[in-house]
$ cat protein_27.csv   # CSV, C-alpha atoms
chain,number,residue,atom,x,y,z
A,1,MET,CA,-16.6,25.3,27.1
A,2,ASN,CA,-13.7,27.7,26.7
A,3,ASN,CA,-11.4,24.7,25.9
A,4,LEU,CA,-13.4,23.9,22.8
A,5,VAL,CA,-12.2,27.2,21.3
A,6,TYR,CA,-8.7,25.7,21.3
A,7,LEU,CA,-9.5,22.0,20.8
A,8,ILE,CA,-11.7,22.3,17.7
A,9,PRO,CA,-9.2,24.2,15.6
A,10,ALA,CA,-6.4,22.0,16.8
A,11,ALA,CA,-8.3,18.9,15.8
A,12,LEU,CA,-9.2,20.4,12.4
A,13,LEU,CA,-5.5,21.3,11.8
A,14,LEU,CA,-4.2,17.9,12.7
A,15,GLY,CA,-6.9,16.3,10.5
A,16,GLY,CA,-6.0,18.5,7.6
A,17,ILE,CA,-2.3,17.6,8.0
A,18,SER,CA,-3.1,13.9,8.1
A,19,LEU,CA,-5.3,14.2,5.0
A,20,GLY,CA,-2.6,16.1,3.2
A,21,ALA,CA,0.0,13.4,4.1
A,22,PHE,CA,-2.4,10.7,2.9
A,23,ILE,CA,-3.0,12.4,-0.4
A,24,TRP,CA,0.7,13.0,-0.9
A,25,ALA,CA,1.3,9.2,-0.3
A,26,LEU,CA,-1.3,8.3,-2.9
A,27,ARG,CA,0.1,10.6,-5.5
A,28,SER,CA,3.7,9.6,-4.9
A,29,GLY,CA,2.9,5.9,-5.6
A,30,GLN,CA,3.3,4.5,-2.1
A,31,TYR,CA,0.2,2.3,-2.5
A,32,GLU,CA,0.9,1.1,-6.1
A,33,ASP,CA,2.2,-2.4,-5.5
A,34,LEU,CA,0.9,-3.9,-2.2
A,35,ASP,CA,1.3,-7.5,-3.2
A,36,GLY,CA,4.8,-7.2,-4.7
A,37,ALA,CA,6.7,-7.0,-1.5
A,38,ALA,CA,4.7,-9.9,0.0
A,39,ALA,CA,5.4,-12.1,-3.0
A,40,ARG,CA,9.0,-11.0,-3.3
A,41,ILE,CA,10.0,-12.6,0.0
A,42,LEU,CA,8.8,-16.0,-1.2
A,43,LEU,CA,11.0,-16.0,-4.3
A,44,ASP,CA,14.6,-17.2,-4.3
A,45,ASP,CA,17.2,-14.9,-5.7
A,46,GLU,CA,18.6,-15.9,-9.1
A,47,LYS,CA,22.2,-15.1,-8.1
A,48,GLU,CA,23.9,-16.8,-5.2
A,49,LYS,CA,25.1,-14.6,-2.5
A,50,PRO,CA,28.9,-14.1,-2.4
A,51,ALA,CA,30.8,-16.0,0.3
A,52,ALA,CA,31.4,-14.0,3.4
A,53,ARG,CA,34.8,-12.5,3.7
A,54,PRO,CA,36.7,-13.0,7.0
A,55,LEU,CA,37.0,-9.9,9.1
A,56,LEU,CA,40.3,-8.0,8.9
A,57,ARG,CA,42.3,-8.2,12.0
A,58,SER,CA,44.0,-5.0,13.2
A,59,ALA,CA,47.7,-4.7,12.7
A,60,LYS,CA,49.9,-6.0,15.5
A,61,ARG,CA,51.7,-3.3,17.4
$ encode --input "protein_27.csv" --output "structure tokens"
Amino acid sequence: MNNLVYLIPAALLLGGISLGAFIWALRSGQYEDLDGAAARILLDDEKEKPAARPLLRSAKR
């Protein structure tokens, strides 16, 4: 029973921190566009990607 004296405040503290992080995420707009990223992967880019450049070789000694 003595353990509950430590466990209950610890659980309340961790729950409060989690709730604060969730509220911060809501206010900062983390959950605004849930479908945008899922749809963005299906669309092709308008511009073509530039051709890959060959790797530079180190100078001969």
$ atom_distance --input "protein_27.csv" --atom1 "atom CA of A:Ala38" --atom2 "atom CA of A:Leu26"
19.4 Å
$ atom_distance --input "protein_27.csv" --atom1 "atom CA of A:Asp35" --atom2 "atom CA of A:Ala21"
22.2 Å
$ atom_distance --input "protein_27.csv" --atom1 "atom CA of A:Ile8" --atom2 "atom CA of A:Gly20"
18.2 Å
